[in-house]
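Containing compact mmCIF, C-alpha atoms: coords23.txt.
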```
# COMPACT_ATOMS: atom_id res chain seq x y z
CA MET A 114 -21.70 232.02 -59.76
CA LYS A 115 -22.36 231.36 -56.07
CA MET A 116 -24.24 234.06 -54.17
CA ILE A 117 -22.30 235.78 -51.40
CA GLN A 118 -23.64 234.80 -47.98
CA ILE A 119 -21.85 235.89 -44.79
CA PRO A 120 -23.55 235.03 -41.49
CA ILE A 121 -22.37 237.09 -38.52
CA ILE A 122 -23.22 234.99 -35.46
CA PHE A 123 -22.01 236.48 -32.17
CA GLU A 124 -22.35 233.77 -29.55
CA GLU A 125 -23.13 234.57 -25.91
CA SER A 126 -24.25 232.51 -22.93
CA THR A 127 -25.86 235.01 -20.56
CA THR A 128 -29.38 234.72 -22.02
CA GLY A 129 -31.50 232.04 -23.61
CA LEU A 130 -30.91 233.60 -27.02
CA GLN A 131 -27.37 232.15 -27.24
CA SER A 132 -26.39 234.47 -30.08
CA PHE A 133 -26.91 237.92 -31.59
CA ASN A 134 -26.84 237.73 -35.35
CA CYS A 135 -26.96 239.62 -38.58
CA PHE A 136 -26.36 238.59 -42.16
CA VAL A 137 -24.54 239.97 -45.18
CA THR A 138 -25.94 238.77 -48.47
CA GLU A 139 -26.16 239.73 -52.10
CA ASN A 140 -29.12 241.45 -53.71
CA ASP A 141 -29.16 242.68 -57.32
CA GLY A 142 -25.38 242.37 -57.46
CA GLN A 143 -24.82 244.47 -54.34
CA LEU A 144 -23.87 243.55 -50.79
CA VAL A 145 -26.48 244.33 -48.15
CA LEU A 146 -26.62 243.88 -44.39
CA ILE A 147 -29.77 242.42 -42.87
CA ASP A 148 -30.07 243.68 -39.28
CA GLY A 149 -27.30 245.18 -37.22
CA GLY A 150 -26.79 243.25 -33.98
CA ILE A 151 -26.00 244.75 -30.61
CA PRO A 152 -24.46 248.18 -29.86
CA HIS A 153 -21.19 246.92 -28.38
CA ALA A 154 -17.55 247.37 -29.36
CA HIS A 155 -16.88 243.62 -29.20
CA PHE A 156 -19.69 243.03 -31.69
CA TYR A 157 -18.39 245.75 -34.02
CA ARG A 158 -14.96 244.10 -34.13
CA PHE A 159 -16.47 240.65 -34.54
CA ALA A 160 -18.60 241.78 -37.49
CA GLU A 161 -15.67 243.60 -39.13
CA GLU A 162 -13.49 240.51 -38.83
CA ALA A 163 -16.26 238.30 -40.28
CA LEU A 164 -16.38 240.51 -43.37
CA GLN A 165 -12.60 240.78 -43.65
CA LYS A 166 -12.32 236.97 -43.76
CA HIS A 167 -14.26 237.16 -47.03
CA GLY A 168 -12.29 240.13 -48.36
CA TYR A 169 -14.90 242.80 -47.59
CA ASP A 170 -15.38 245.84 -45.38
CA PHE A 171 -18.43 247.76 -44.17
CA THR A 172 -17.77 250.29 -46.94
CA ASP A 173 -18.52 247.54 -49.50
CA LEU A 174 -22.14 247.47 -48.35
CA ALA A 175 -24.75 249.20 -50.50
CA ALA A 176 -27.67 249.20 -48.04
CA ILE A 177 -28.94 248.07 -44.65
CA TYR A 178 -32.22 246.16 -44.30
CA LEU A 179 -33.83 246.10 -40.84
CA THR A 180 -36.40 243.55 -39.69
CA HIS A 181 -37.43 245.82 -36.79
CA HIS A 182 -36.16 248.63 -34.60
CA HIS A 183 -35.14 246.86 -31.37
CA GLU A 184 -31.76 247.81 -29.93
CA ASP A 185 -30.21 244.38 -30.49
CA HIS A 186 -30.94 244.65 -34.24
CA VAL A 187 -29.58 248.13 -34.97
CA GLY A 188 -26.25 248.25 -33.13
CA LEU A 189 -24.05 248.40 -36.22
CA VAL A 190 -26.13 251.01 -38.04
CA PRO A 191 -24.52 254.21 -36.64
CA HIS A 192 -21.08 252.57 -36.83
CA ILE A 193 -21.51 251.72 -40.52
CA LEU A 194 -23.12 255.02 -41.48
CA ALA A 195 -20.19 256.88 -39.92
CA LYS A 196 -17.97 255.11 -42.47
CA LYS A 197 -20.30 255.35 -45.49
CA ASN A 198 -23.73 256.84 -46.13
CA MET A 199 -26.24 254.32 -47.48
CA PRO A 200 -30.03 253.79 -47.45
CA VAL A 201 -31.59 251.98 -44.50
CA TYR A 202 -34.77 250.10 -45.40
CA VAL A 203 -37.40 249.94 -42.66
CA HIS A 204 -41.10 249.61 -41.92
CA ALA A 205 -42.82 253.00 -41.50
CA GLU A 206 -43.40 252.30 -37.79
CA SER A 207 -39.64 252.03 -37.27
CA ILE A 208 -38.77 255.63 -38.08
CA PRO A 209 -40.10 257.53 -35.01
CA ARG A 210 -38.60 254.82 -32.83
CA LEU A 211 -35.16 254.96 -34.44
CA LEU A 212 -35.22 258.76 -34.38
CA PHE A 213 -36.46 258.74 -30.76
CA ASP A 214 -39.08 261.27 -31.77
CA THR A 215 -40.06 263.19 -28.63
CA ASP A 216 -43.75 263.47 -29.50
CA PHE A 217 -43.91 259.74 -30.10
CA LEU A 218 -42.04 258.91 -26.89
CA THR A 219 -44.29 261.23 -24.86
CA MET A 220 -47.38 259.56 -26.31
CA ARG A 221 -45.87 256.12 -25.61
CA ILE A 222 -45.25 256.91 -21.94
CA ALA A 223 -48.86 258.10 -21.55
CA PHE A 224 -50.07 254.92 -23.31
CA TYR A 225 -48.20 252.64 -20.90
CA GLU A 226 -49.16 254.66 -17.84
CA ALA A 227 -52.84 254.33 -18.75
CA LEU A 228 -52.40 250.63 -19.56
CA TYR A 229 -50.69 249.86 -16.23
CA ALA A 230 -53.31 251.83 -14.32
CA ARG A 231 -56.07 249.91 -16.09
CA MET A 232 -54.33 246.61 -15.22
CA ASP A 233 -53.94 247.76 -11.59
CA CYS A 234 -50.16 247.38 -11.61
CA LEU A 235 -49.03 251.00 -11.84
CA ASP A 236 -46.87 250.84 -8.71
CA ASP A 237 -45.00 247.77 -9.98
CA ALA A 238 -44.50 249.45 -13.37
CA ARG A 239 -43.05 252.73 -12.07
CA PRO A 240 -39.39 251.67 -12.63
CA ARG A 241 -40.21 250.92 -16.28
CA LEU A 242 -41.95 254.27 -16.68
CA GLU A 243 -38.99 256.06 -15.10
CA LYS A 244 -36.66 254.32 -17.54
CA GLN A 245 -38.84 255.54 -20.42
CA ARG A 246 -38.76 259.09 -19.06
CA ALA A 247 -34.96 258.88 -18.79
CA THR A 248 -34.84 257.86 -22.47
CA LEU A 249 -37.01 260.86 -23.35
CA ALA A 250 -34.53 263.11 -21.54
CA ASN A 251 -31.57 261.73 -23.53
CA VAL A 252 -32.91 261.34 -27.07
CA LYS A 253 -29.91 263.04 -28.72
CA GLU A 254 -27.63 260.24 -27.51
CA ARG A 255 -29.94 257.51 -28.78
CA ARG A 256 -31.21 258.93 -32.09
CA ILE A 257 -30.10 257.13 -35.27
CA GLU A 258 -30.14 259.53 -38.22
CA ALA A 259 -30.19 257.82 -41.62
CA ASP A 260 -31.52 257.89 -45.16
CA TYR A 261 -34.58 255.83 -44.26
CA GLN A 262 -36.46 254.14 -47.09
CA VAL A 263 -39.93 252.90 -46.15
CA ILE A 264 -40.96 249.41 -47.23
CA GLY A 265 -43.96 247.29 -46.35
CA ALA A 266 -45.96 244.17 -47.09
CA GLY A 267 -46.21 243.43 -50.80
CA ASP A 268 -43.18 245.50 -51.77
CA THR A 269 -40.24 243.90 -53.52
CA LEU A 270 -36.63 244.73 -52.92
CA GLY A 271 -34.53 243.00 -55.55
CA ARG A 272 -34.85 239.27 -54.91
CA PHE A 273 -36.82 239.81 -51.71
CA GLU A 274 -40.55 240.06 -51.15
CA ILE A 275 -41.46 242.03 -48.04
CA ILE A 276 -43.97 240.41 -45.68
CA ASP A 277 -45.51 241.72 -42.46
CA LEU A 278 -44.56 239.69 -39.40
CA LEU A 279 -46.17 241.81 -36.71
CA GLY A 280 -46.48 240.81 -33.07
CA HIS A 281 -42.99 240.91 -31.62
CA SER A 282 -43.04 244.57 -32.60
CA THR A 283 -45.27 246.95 -34.50
CA ASP A 284 -42.69 247.17 -37.29
CA SER A 285 -41.54 243.56 -37.76
CA ILE A 286 -41.09 242.60 -41.40
CA GLY A 287 -39.55 239.64 -43.18
CA TYR A 288 -37.39 239.46 -46.30
CA TYR A 289 -38.41 236.41 -48.31
CA ASP A 290 -36.69 235.03 -51.40
CA ALA A 291 -39.05 232.60 -53.14
CA ALA A 292 -36.28 231.28 -55.41
CA THR A 293 -33.94 230.21 -52.60
CA ARG A 294 -36.81 229.74 -50.10
CA GLU A 295 -35.01 231.84 -47.51
CA LEU A 296 -36.77 234.03 -44.97
CA PHE A 297 -34.95 236.60 -42.87
CA ALA A 298 -37.50 236.90 -40.11
CA GLY A 299 -35.85 238.87 -37.30
CA ASP A 300 -37.30 237.75 -33.97
CA THR A 301 -40.46 236.17 -35.35
CA ILE A 302 -38.73 232.80 -35.14
CA LEU A 303 -35.92 232.01 -32.72
CA LYS A 304 -33.86 228.85 -32.65
CA HIS A 305 -33.21 228.50 -28.93
CA THR A 306 -36.24 230.08 -27.27
CA SER A 307 -39.80 231.21 -27.97
CA THR A 308 -40.56 234.66 -29.34
CA ASN A 309 -42.35 237.10 -27.08
CA ALA A 310 -45.17 239.27 -28.38
CA ILE A 311 -44.67 242.80 -27.05
CA ILE A 312 -47.46 245.28 -26.36
CA ASP A 313 -46.55 248.58 -27.95
CA PRO A 314 -48.70 251.39 -29.35
CA LEU A 315 -48.74 252.17 -33.04
CA VAL A 316 -47.49 255.59 -34.13
CA THR A 317 -51.15 256.67 -34.06
CA GLY A 318 -51.41 255.66 -30.39
CA GLU A 319 -53.68 252.72 -31.14
CA TYR A 320 -53.36 249.48 -29.19
CA MET A 321 -51.82 246.62 -31.15
CA GLN A 322 -53.11 243.12 -30.34
CA ALA A 323 -49.60 241.71 -30.12
CA ASN A 324 -50.41 238.11 -29.21
CA LEU A 325 -52.98 237.75 -31.96
CA LEU A 326 -50.67 239.32 -34.55
CA GLN A 327 -47.78 237.12 -33.47
CA ARG A 328 -49.90 233.98 -33.98
CA GLN A 329 -51.01 235.29 -37.38
CA SER A 330 -47.38 235.88 -38.36
CA LEU A 331 -46.44 232.32 -37.41
CA GLU A 332 -49.38 230.99 -39.41
CA LYS A 333 -48.32 233.13 -42.36
CA ILE A 334 -44.88 231.54 -42.29
CA LYS A 335 -46.34 228.06 -41.87
CA ILE A 336 -49.02 228.29 -44.57
CA GLN A 337 -47.67 230.70 -47.17
CA ILE A 338 -44.03 229.74 -47.00
CA ILE A 339 -44.74 226.07 -46.18
CA ILE A 340 -42.03 225.67 -43.54
CA SER A 341 -39.19 226.43 -45.92
CA PRO A 342 -35.57 226.66 -44.73
CA LEU A 343 -35.24 229.80 -42.65
CA SER A 344 -32.55 232.26 -41.69
CA ALA A 345 -33.72 234.09 -38.59
CA THR A 346 -31.48 237.05 -37.85
CA LYS A 347 -31.45 236.56 -34.09
CA SER A 348 -30.58 232.88 -34.18
CA SER A 349 -29.57 232.18 -37.74
CA TYR A 350 -29.94 228.65 -38.95
CA ARG A 351 -30.40 226.83 -42.23
CA ASN A 352 -31.99 223.42 -42.54
```
Please rewrite the model in this file as structure tokens.
Amino acid sequence: MKMIQIPIIFEESTTGLQSFNCFVTENDGQLVLIDGGIPHAHFYRFAEEALQKHGYDFTDLAAIYLTHHHEDHVGLVPHILAKKNMPVYVHAESIPRLLFDTDFLTMRIAFYEALYARMDCLDDARPRLEKQRATLANVKERRIEADYQVIGAGDTLGRFEIIDLLGHSTDSIGYYDAATRELFAGDTILKHTSTNAIIDPLVTGEYMQANLLQRQSLEKIKIQIIISPLSATKSSYRN
């Protein structure tokens, strides 16, 4: 019996990304969504129609798997959870970010302010800091409440092995199926542009060496997975 695979590829031409993607697949006989795309009504309708073409609805999903917390990967999550409660699997670092925890956000602002001052670019960075303060003032509108299930490197989730792919974010993980040689890698690998390593503090406030970790993640994919066919959830492709 063929495994259910439903790519949801929302094409756009305003950025170098060229698409915002997520993927419905089968795991242990259940349908799961890997990543959630952008928070936009057009994307919601597009994703619903993609499922309906295969005879499914969001309520047929059993779980959501996130590769990381960035806004363009979680857009469908509140929309789906409003229809049906289900577990959302994430890296531990994702949770305070998805919940817009005020203590975490306050610490994060102080981290960046100190970093920009140390780099002698505080004046240039003030608009970014003001944007972060505005987010802190509106956390109730941004918070995503869910039944979060923490997963990390070395865990298994049905047919998937979880691997750390840190660098682009502090919480980037990949879902790797050794049998099919598929890797759902979030933004660690992009089809149309290079991935950017993003400086962000850990939940503890520690500095994460993003560039180094990003290179290590790429080496991990190259050496351990031996350049197998990939499905990256930002720019999905299969060789």
Do you have the atom CA of A:Glu258-atom CA of A:Asp214 distance handy?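 Pair atom CA of A:Glu258 / atom CA of A:Asp214 returns 11.2 Å.
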Using only C-alpha atoms, which residue out of A:Arg221, A:Arg239, A:His192, A:Arg231 lies closest to A:Ala259?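 Nearest to A:Ala259: A:His192.
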For A:Glu161, which residue out of A:Leu278, A:Leu211, A:Cys135, A:Ala247 is the nearest one, using only C-alpha atoms?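 Residue with the minimum atom-to-atom distance to A:Glu161: A:Cys135.
One distance worth recording is that between atom CA of A:Glu274 and atom CA of A:His167, which is 26.8 Å.
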Computed interatomic separation between atom CA of A:Gly271 and atom CA of A:Asp290 (Å):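 Value for the atom CA of A:Gly271-atom CA of A:Asp290 distance: 9.2 Å.
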In terms of the shortest atom-to-atom distance over all atoms listed in the file, which of A:Leu331, A:Leu315, A:Ala160, A:Ala266 is closest to A:Arg210?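 Under the stated criterion, the closest residue is A:Leu315.
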Name the closest residue to A:Arg294 among the candidates A:His281, A:Thr306, A:Phe273, A:Val263; distances are taken between atoms, counting all atoms listed in the file.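 That would be A:Phe273, the residue with the smallest distance to A:Arg294.
Closest to A:Thr301 among A:Ile147, A:Leu235, A:Met321, A:Leu279 is A:Leu279, based on only C-alpha atoms.
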Which residue gives the smallest distance to A:Glu226 among A:Phe123, A:Pro314, A:Thr283, A:Phe133, with all atoms listed in the file counted?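 Closest to A:Glu226, using all atoms listed in the file: A:Pro314.
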Excluding A:Gly168 and any residue of its chain fewer than 5 positions from it, enumerate the residues within 12 Å of it, using all atoms listed in the file, and give them as a PyMOL selection string. chain A and resi 117+119+161-163+173
Around (-41.7, 248.3, -39.0) in the file's frame, which residues reach within 9 Å when counting all atoms listed in the file? Return as a ChimeraX atom specification? /A:179-182,203-208,263-265,277,279,282-286
